[in-house]
Amino acid sequence: RIPLVSLQPGEVVPDILNRMQRDLWAERINQLSGGQIVQIDGQSVAIQSRYNYAMFLGMPNARGFDFIYQEIQRWFPLDQIEVDAYPYQDSEKLYIWKNLIVTLPGTTRADEFVILSAHMDSTVFRQGNPLEQAPGADDNGTGAALLLEAARLLKDYKFERTIKLIWFSGEEHDQHGSREYVKDHSLDGLVGVINMDMFGYDGDGDRCFEIHAGTLPESQKIATDVAAAIQVS
């Protein structure tokens, strides 16, 4: 990890955007939704489902969690990666599902942190067995892949605040993964969350990027900053 310490604050966003690879992001969406074969532990795998049950029952075509975990281990030491296991109880059985968390420690304001998040799981898109047919390219392969691209890029920088990159599971089951996260992780020092979900969706067909920020003044400030960063590109 080689921090780009020579950059001035105003140069960081343009530098990150210049180093971002759209083709690599698109390739990861394809990989996470079964359109392209990936290598996991030396095996060729098509990730045809990221349905929670399938991923955490160990189905061979549902190794989305394993793929993301493998990728982030290429860039971060294990002491910066947390496999956050939590219980999920349905009407029949107790299961153990998992979130993935990467922590980039801050420098001068390390006790404050920002979360960049996306859910890795998907729901049924095609007819048939949901354990086999849940590719979820848009919902939410787009966000999960973008968070991987963020991980690849942000590893090379130092920031004042701590940054947490979180791939939640259980989103398609009543946001269970994020609900469990806040049960056993302190939110003291949290200053903002940017959640990346369905980046490929264009509800009104205007070909413009949509930011859903709610009405809180703090959220509006984050939305304005994101919009300004987009304008830089």
# chains A, B, ... in the order shown; residues from 1 in each chain; ligands from 1
>>> residues_around(residues="His119 of chain A", least_positions_apart="3", cutoff="7 Å", atoms="only C-alpha atoms", output="PyMOL selection string")
chain A and resi 140+144+167-169+171
>>> select_by_dssp(residues="segment 2-197 of chain A", states="strand (DSSP E)", output="number ranges by chain")
A: 38-40, 43-45, 81-89, 94-104, 109-119, 161-168, 190-195
>>> residues_around(residues="segment 151-161 of chain A", least_positions_apart="4", cutoff="12 Å", atoms="only C-alpha atoms", output="MDAnalysis selection string")
chainID A and resid 1:9 11:13 15:21 24:25 68:69 71:77 80:81 101:117 144:147 165:167 189:192
>>> closest_atom_pairs(of="segment 138-164 of chain A", to="segment 199-222 of chain A", cutoff="9 Å", atoms="only C-alpha atoms", output="tab-separated table")
residue	atom	partner	partner_atom	distance
A:Asp138	CA	A:Gly200	CA	5.6
A:Asp139	CA	A:Phe199	CA	8.3
A:Asn140	CA	A:Phe199	CA	8.0
A:Gly141	CA	A:Phe199	CA	8.8
A:Thr142	CA	A:Phe199	CA	5.6
A:Gly143	CA	A:Phe199	CA	6.2
A:Leu146	CA	A:Phe199	CA	8.8
>>> write_last_selection(atoms="C-alpha atoms", output="compact mmCIF listing (two decimals), in the first residue's frame")
# COMPACT_ATOMS: atom_id res chain seq x y z
CA ASP A 138 -28.65 -4.51 -11.30
CA ASP A 139 -29.97 -5.28 -7.81
CA ASN A 140 -27.35 -5.23 -6.59
CA GLY A 141 -24.44 -6.40 -8.70
CA THR A 142 -23.94 -2.78 -9.72
CA GLY A 143 -23.41 -1.58 -6.16
CA LEU A 146 -18.71 -0.50 -7.46
>>> closest_residue(among="A:Ile96, A:Met196, A:Val182, A:Val38", to="Phe56 of chain A", atoms="only C-alpha atoms")
A:Ile96
>>> atom_distance(atom1="atom CA of Gln48 of chain A", atom2="atom CA of Ile194 of chain A")
27.1 Å
>>> atom_distance(atom1="atom CA of Ile29 of chain A", atom2="atom CA of Ala223 of chain A")
24.3 Å
>>> select_by_dssp(residues="segment 12-50 of chain A", states="alpha helix (DSSP H)", output="MDAnalysis selection string")
chainID A and resid 12:19 22:32
